[in-house]
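K.L.:
I am attaching a structure below and will ask some questions about it afterwards.
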Amino acid sequence: MIVDFHTHVFPPQLVRERERLAQDEALFAELYGDPAARLATAADLPASMDAAAIDVSVILGFAWRDPDLCRRHNDYLLQAAAESNGRLVPFCNLPLGSGAETLEAEARRCLALGARGFGELRPESQDCDTAGPAGEALAAIATQAGMPLLFHVSEPVGHAYPGKAGFSLSAFAAFTAAHPGVRVVGAHWGGGLPFYALMPEVAALLAAACFDTAASSLLYGPDIYERGVELAGAERVLFGSDFPLLAQSRSRRRIESSGLDPAAKALVLGENARRLLGLE
């Protein structure tokens with residue numbers, strides 16, 4: 001089974017409202033205010049998956065500040081997944097900056113409707129301190145439901161790009177350390193957290209987290225897969241493309257052509273995600 005753990009789809013109505021949303025939502029403006037920035041709907045994903053021979057894609061929500069936008073987007077993800085015959089797995093987002101009560105209510109609503117996790121979470125983009133009550137509420141929900149949390153994690157060095165901010169490496173590490181029972185996924189190699197694996201306290205964190213490969217070609221050289229797997233462990237790495245920013249077929253080819261051995265490739269390309277999500 002081949003699983004893409006990191007794709008983005010938007011409701012068609014919100015795609016049509018791009019200009020208005022860019023005026024109201026700062027993060028959306030940063031990422032998608034340019035009309036040339038790619039936006040996809042769930043209807044665009046199956047053809048891409050077929051071309052890349054991908055069996056299942058995790059579809060992610062967006063870190064809206066407006067709770068109503070968050071809810072509308074989540075409803076779309078849940079419906080698209082329900083109609084996909086198991087090919088799409090919904091990860092809903094949450095209004096992290098709206099208080100613990102609102103956060104909990106939306107999380108429980110989404111879980112009741114079939115959410116399989118929450119992401120791509122960007123606490124800092126929503127003025128959420130994960131060391132405070134909202135972080136405690138998020139951890140409690142994830143623990144009780146047994147659902148993973150996928151965070152956008154920003155590397156502390158390197159070039160600037162739209163959307164780089166969202167959740168700092170240090171904040172991600174602190175949240176993971178504070179909540180060892182929560183299954184967390186650090187997008188984009190967790191902002192580089194595996195590169196600190198020689199620190200004993202970081203090595204302990206790596207055992208409690210997974211890391212996806214989304215946007216690897218925009219951030220790292222081609223040996224990132226071998227180095228990342230060596231440091232994090234093959235069982236901790238999840239294939240992610242960041243569709244539609246990057247093509248699923250190209251992203252898969254980069255892993256297939258890497259120096260990973262066949263067993264590690266099988267884990268990264270789908271087996272790890274299959275186990276994490278409980279897929280048959």
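Ligands are numbered from 1 in the order shown, residues from 1 within each chain, and chains are lettered A, B, ... in the order they appear in the structure tokens.
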Show me, as JSON lines, the residues of segment 125-197 of chain A having an atom within 12 Å of segment 46-60 of chain A, each with the closest atom pair and its distance in Å, using only C-alpha atoms.
P.N.:
{"residue": "A:Pro148", "atom": "CA", "partner": "A:Val58", "partner_atom": "CA", "distance": 12.0}
{"residue": "A:Leu149", "atom": "CA", "partner": "A:Leu60", "partner_atom": "CA", "distance": 11.0}
{"residue": "A:Leu150", "atom": "CA", "partner": "A:Leu60", "partner_atom": "CA", "distance": 9.0}
{"residue": "A:Phe151", "atom": "CA", "partner": "A:Leu60", "partner_atom": "CA", "distance": 10.7}
{"residue": "A:His152", "atom": "CA", "partner": "A:Leu60", "partner_atom": "CA", "distance": 11.1}
{"residue": "A:Ala187", "atom": "CA", "partner": "A:Leu60", "partner_atom": "CA", "distance": 11.6}
K.L.:
Can you list, as a PyMOL selection string, every protein, DNA or RNA residue that comes within 10 Å of segment 243-250 of chain A when you count only C-alpha atoms, leaving out same-chain residues fewer than 2 positions away?
P.N.:
chain A and resi 4+6-9+37-41+44-45+48-54+57+59+214-218+239-241+252-256
K.L.:
I'd like the contact shell of segment 92-97 of chain A - 6 Å cut-off, only C-alpha atoms, skipping same-chain residues fewer than 6 positions apart - returned as a PyMOL selection string.
P.N.:
chain A and resi 61-62+67+74+103+118-119+126-128
K.L.:
Taking the chain letters and numbering used in this document, name the residues of segment 34-66 of chain A that DSSP puts in strand (DSSP E), as a list in words.
P.N.:
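Taking segment 34-66 of chain A and keeping strand (DSSP E) gives Val56, Ser57, Val58, Ile59 and Leu60 of chain A.
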K.L.:
Would you mind reading off the distance between atom CA of Glu101 of chain A and atom CA of Arg71 of chain A, one decimal, in Å?
P.N.:
14.6 Å
K.L.:
Would you please work out which residue, of A:Arg108, A:Gln13, A:Leu113, A:Glu120, is nearest to Arg72 of chain A when using only C-alpha atoms?
P.N.:
A:Gln13
K.L.:
List every residue of segment 161-219 of chain A that DSSP, applied to the backbone of this structure, places in helix (DSSP H, G or I), and write the result as a VMD selection string.
P.N.:
chain A and resid 169 to 178 187 to 190 193 to 196 200 to 206 216 to 219
K.L.:
Select, from A:Gly132, A:Gly117, A:Gly192, A:Gly221, the residue with the minimum atom-to-atom distance to Ala178 of chain A, counting only C-alpha atoms.
P.N.:
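Closest to Ala178 of chain A of all the choices is A:Gly132.
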K.L.:
Mind checking which residues fall within 7 Å of Ala115 of chain A, counting only C-alpha atoms, ignoring those fewer than 3 positions away in the same chain, and posting them as a list in words?
P.N.:
Leu78, Pro90, Phe91, Cys92, Cys110 and Leu111 of chain A
K.L.:
With distances taken over only C-alpha atoms, which residue among A:Leu276, A:Leu219, A:Ala63, A:Ala26 lies nearest Gly158 of chain A?
P.N.:
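That would be A:Leu219, the residue with the smallest distance to Gly158 of chain A.
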K.L.:
I'd like to know which of A:Ala81, A:Ala160, A:Leu238, A:Met147 is closest to His188 of chain A, using only C-alpha atoms.
P.N.:
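Under the stated criterion, the closest residue is A:Leu238.
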K.L.:
I'd like the contact shell of Ala80 of chain A - 10 Å cut-off, only C-alpha atoms, skipping same-chain residues fewer than 3 positions apart - returned as number ranges by chain.
P.N.:
A: 9, 11, 41-43, 59, 74-77, 83-85, 87-90
K.L.:
Residues of the last selection are to be written out with N, CA and C atoms, as a compact mmCIF listing (two decimals), in the first residue's frame.
P.N.:
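Final file, part-v3.txt:
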# COMPACT_ATOMS: atom_id res chain seq x y z
N VAL A 9 -6.50 19.89 0.12
CA VAL A 9 -7.63 20.16 -0.78
C VAL A 9 -8.56 21.17 -0.10
N PRO A 11 -12.51 23.28 -0.32
CA PRO A 11 -13.86 23.26 -0.90
C PRO A 11 -13.93 24.18 -2.12
N THR A 41 -9.05 20.92 -5.29
CA THR A 41 -10.21 20.37 -4.61
C THR A 41 -10.05 18.85 -4.55
N ALA A 42 -10.92 18.19 -3.81
CA ALA A 42 -10.85 16.74 -3.71
C ALA A 42 -11.06 16.07 -5.06
N ALA A 43 -11.77 16.74 -5.96
CA ALA A 43 -11.99 16.18 -7.30
C ALA A 43 -10.72 16.12 -8.12
N ILE A 59 -5.94 13.86 3.48
CA ILE A 59 -6.31 15.21 3.07
C ILE A 59 -6.38 16.08 4.33
N ASN A 74 -13.70 21.60 7.26
CA ASN A 74 -13.75 20.26 7.84
C ASN A 74 -14.92 19.45 7.28
N ASP A 75 -16.08 20.08 7.15
CA ASP A 75 -17.24 19.38 6.59
C ASP A 75 -16.94 18.85 5.19
N TYR A 76 -16.23 19.66 4.41
CA TYR A 76 -15.89 19.24 3.05
C TYR A 76 -14.94 18.05 3.07
N LEU A 77 -13.91 18.10 3.91
CA LEU A 77 -12.96 16.99 3.99
C LEU A 77 -13.66 15.70 4.40
N GLU A 83 -17.05 9.72 0.61
CA GLU A 83 -17.44 9.35 -0.76
C GLU A 83 -16.30 8.75 -1.56
N SER A 84 -15.15 8.50 -0.94
CA SER A 84 -13.95 8.11 -1.69
C SER A 84 -13.66 6.61 -1.69
N ASN A 85 -14.52 5.82 -1.06
CA ASN A 85 -14.27 4.38 -0.94
C ASN A 85 -12.94 4.07 -0.27
N ARG A 87 -10.17 5.87 -0.22
CA ARG A 87 -8.94 6.40 -0.82
C ARG A 87 -8.48 7.69 -0.15
N LEU A 88 -9.40 8.42 0.48
CA LEU A 88 -9.05 9.68 1.14
C LEU A 88 -9.29 9.55 2.64
N VAL A 89 -8.31 9.99 3.42
CA VAL A 89 -8.39 9.93 4.88
C VAL A 89 -8.39 11.35 5.41
N PRO A 90 -9.44 11.77 6.14
CA PRO A 90 -9.56 13.18 6.53
C PRO A 90 -8.84 13.50 7.85
K.L.:
Which residues are near segment 169-176 of chain A? Cut-off 10 Å, only C-alpha atoms, ignore same chain within fewer than 4 positions. Put them as a PyMOL selection string.
P.N.:
chain A and resi 123-124+129-131+135-136+139+151-156+180-186+190-193+202+205-206+208-209
K.L.:
Just checking: using only C-alpha atoms, which residue out of A:Glu17, A:Gly228, A:Ala204, A:Glu106 ends up closest to Asp68 of chain A?
P.N.:
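The shortest atom-to-atom distance to Asp68 of chain A comes from A:Glu106.
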K.L.:
Quick one: everything within 6 Å of Gly270 of chain A, counting only C-alpha atoms, minus sequence neighbours fewer than 2 positions away in the same chain. Send it as a VMD selection string.
P.N.:
chain A and resid 1 to 3 267 to 268 272 to 274
K.L.:
Deliver the residues from the most recent selection as a file, using N, CA and C atoms, as a PDB file, in the first residue's frame.
P.N.:
ATOM      1  N   MET A   1       0.845  -1.198   0.000  1.00  0.00           N
ATOM      2  CA  MET A   1       0.000   0.000   0.000  1.00  0.00           C
ATOM      3  C   MET A   1       0.877   1.243   0.000  1.00  0.00           C
ATOM      4  N   ILE A   2       0.579   2.178  -0.902  1.00  0.00           N
ATOM      5  CA  ILE A   2       1.289   3.454  -0.974  1.00  0.00           C
ATOM      6  C   ILE A   2       0.378   4.539  -0.417  1.00  0.00           C
ATOM      7  N   VAL A   3       0.871   5.294   0.575  1.00  0.00           N
ATOM      8  CA  VAL A   3       0.072   6.305   1.252  1.00  0.00           C
ATOM      9  C   VAL A   3       0.803   7.638   1.215  1.00  0.00           C
ATOM     10  N   LEU A 267       8.481   0.830   4.137  1.00  0.00           N
ATOM     11  CA  LEU A 267       7.998   1.461   5.365  1.00  0.00           C
ATOM     12  C   LEU A 267       7.621   2.913   5.116  1.00  0.00           C
ATOM     13  N   VAL A 268       8.508   3.659   4.477  1.00  0.00           N
ATOM     14  CA  VAL A 268       8.298   5.093   4.258  1.00  0.00           C
ATOM     15  C   VAL A 268       7.120   5.338   3.329  1.00  0.00           C
ATOM     16  N   ASN A 272       4.327   2.384   7.252  1.00  0.00           N
ATOM     17  CA  ASN A 272       4.239   3.156   8.498  1.00  0.00           C
ATOM     18  C   ASN A 272       2.893   3.852   8.622  1.00  0.00           C
ATOM     19  N   ALA A 273       2.452   4.469   7.526  1.00  0.00           N
ATOM     20  CA  ALA A 273       1.173   5.173   7.546  1.00  0.00           C
ATOM     21  C   ALA A 273       0.019   4.190   7.722  1.00  0.00           C
ATOM     22  N   ARG A 274       0.122   3.032   7.089  1.00  0.00           N
ATOM     23  CA  ARG A 274      -0.942   2.027   7.223  1.00  0.00           C
ATOM     24  C   ARG A 274      -1.129   1.645   8.689  1.00  0.00           C
TER      25      ARG A 274
END
K.L.:
Identify which of the residues A:His73, A:Tyr220, A:Leu27, A:His179 lies closest to His159 of chain A, counting only C-alpha atoms when measuring atom-to-atom distances.
P.N.:
A:Tyr220
K.L.:
Suppose you want the space between atom CA of Gly86 of chain A and atom CA of Cys70 of chain A; what is it in Å?
P.N.:
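We find that atom CA of Gly86 of chain A and atom CA of Cys70 of chain A lie 22.9 Å from each other.
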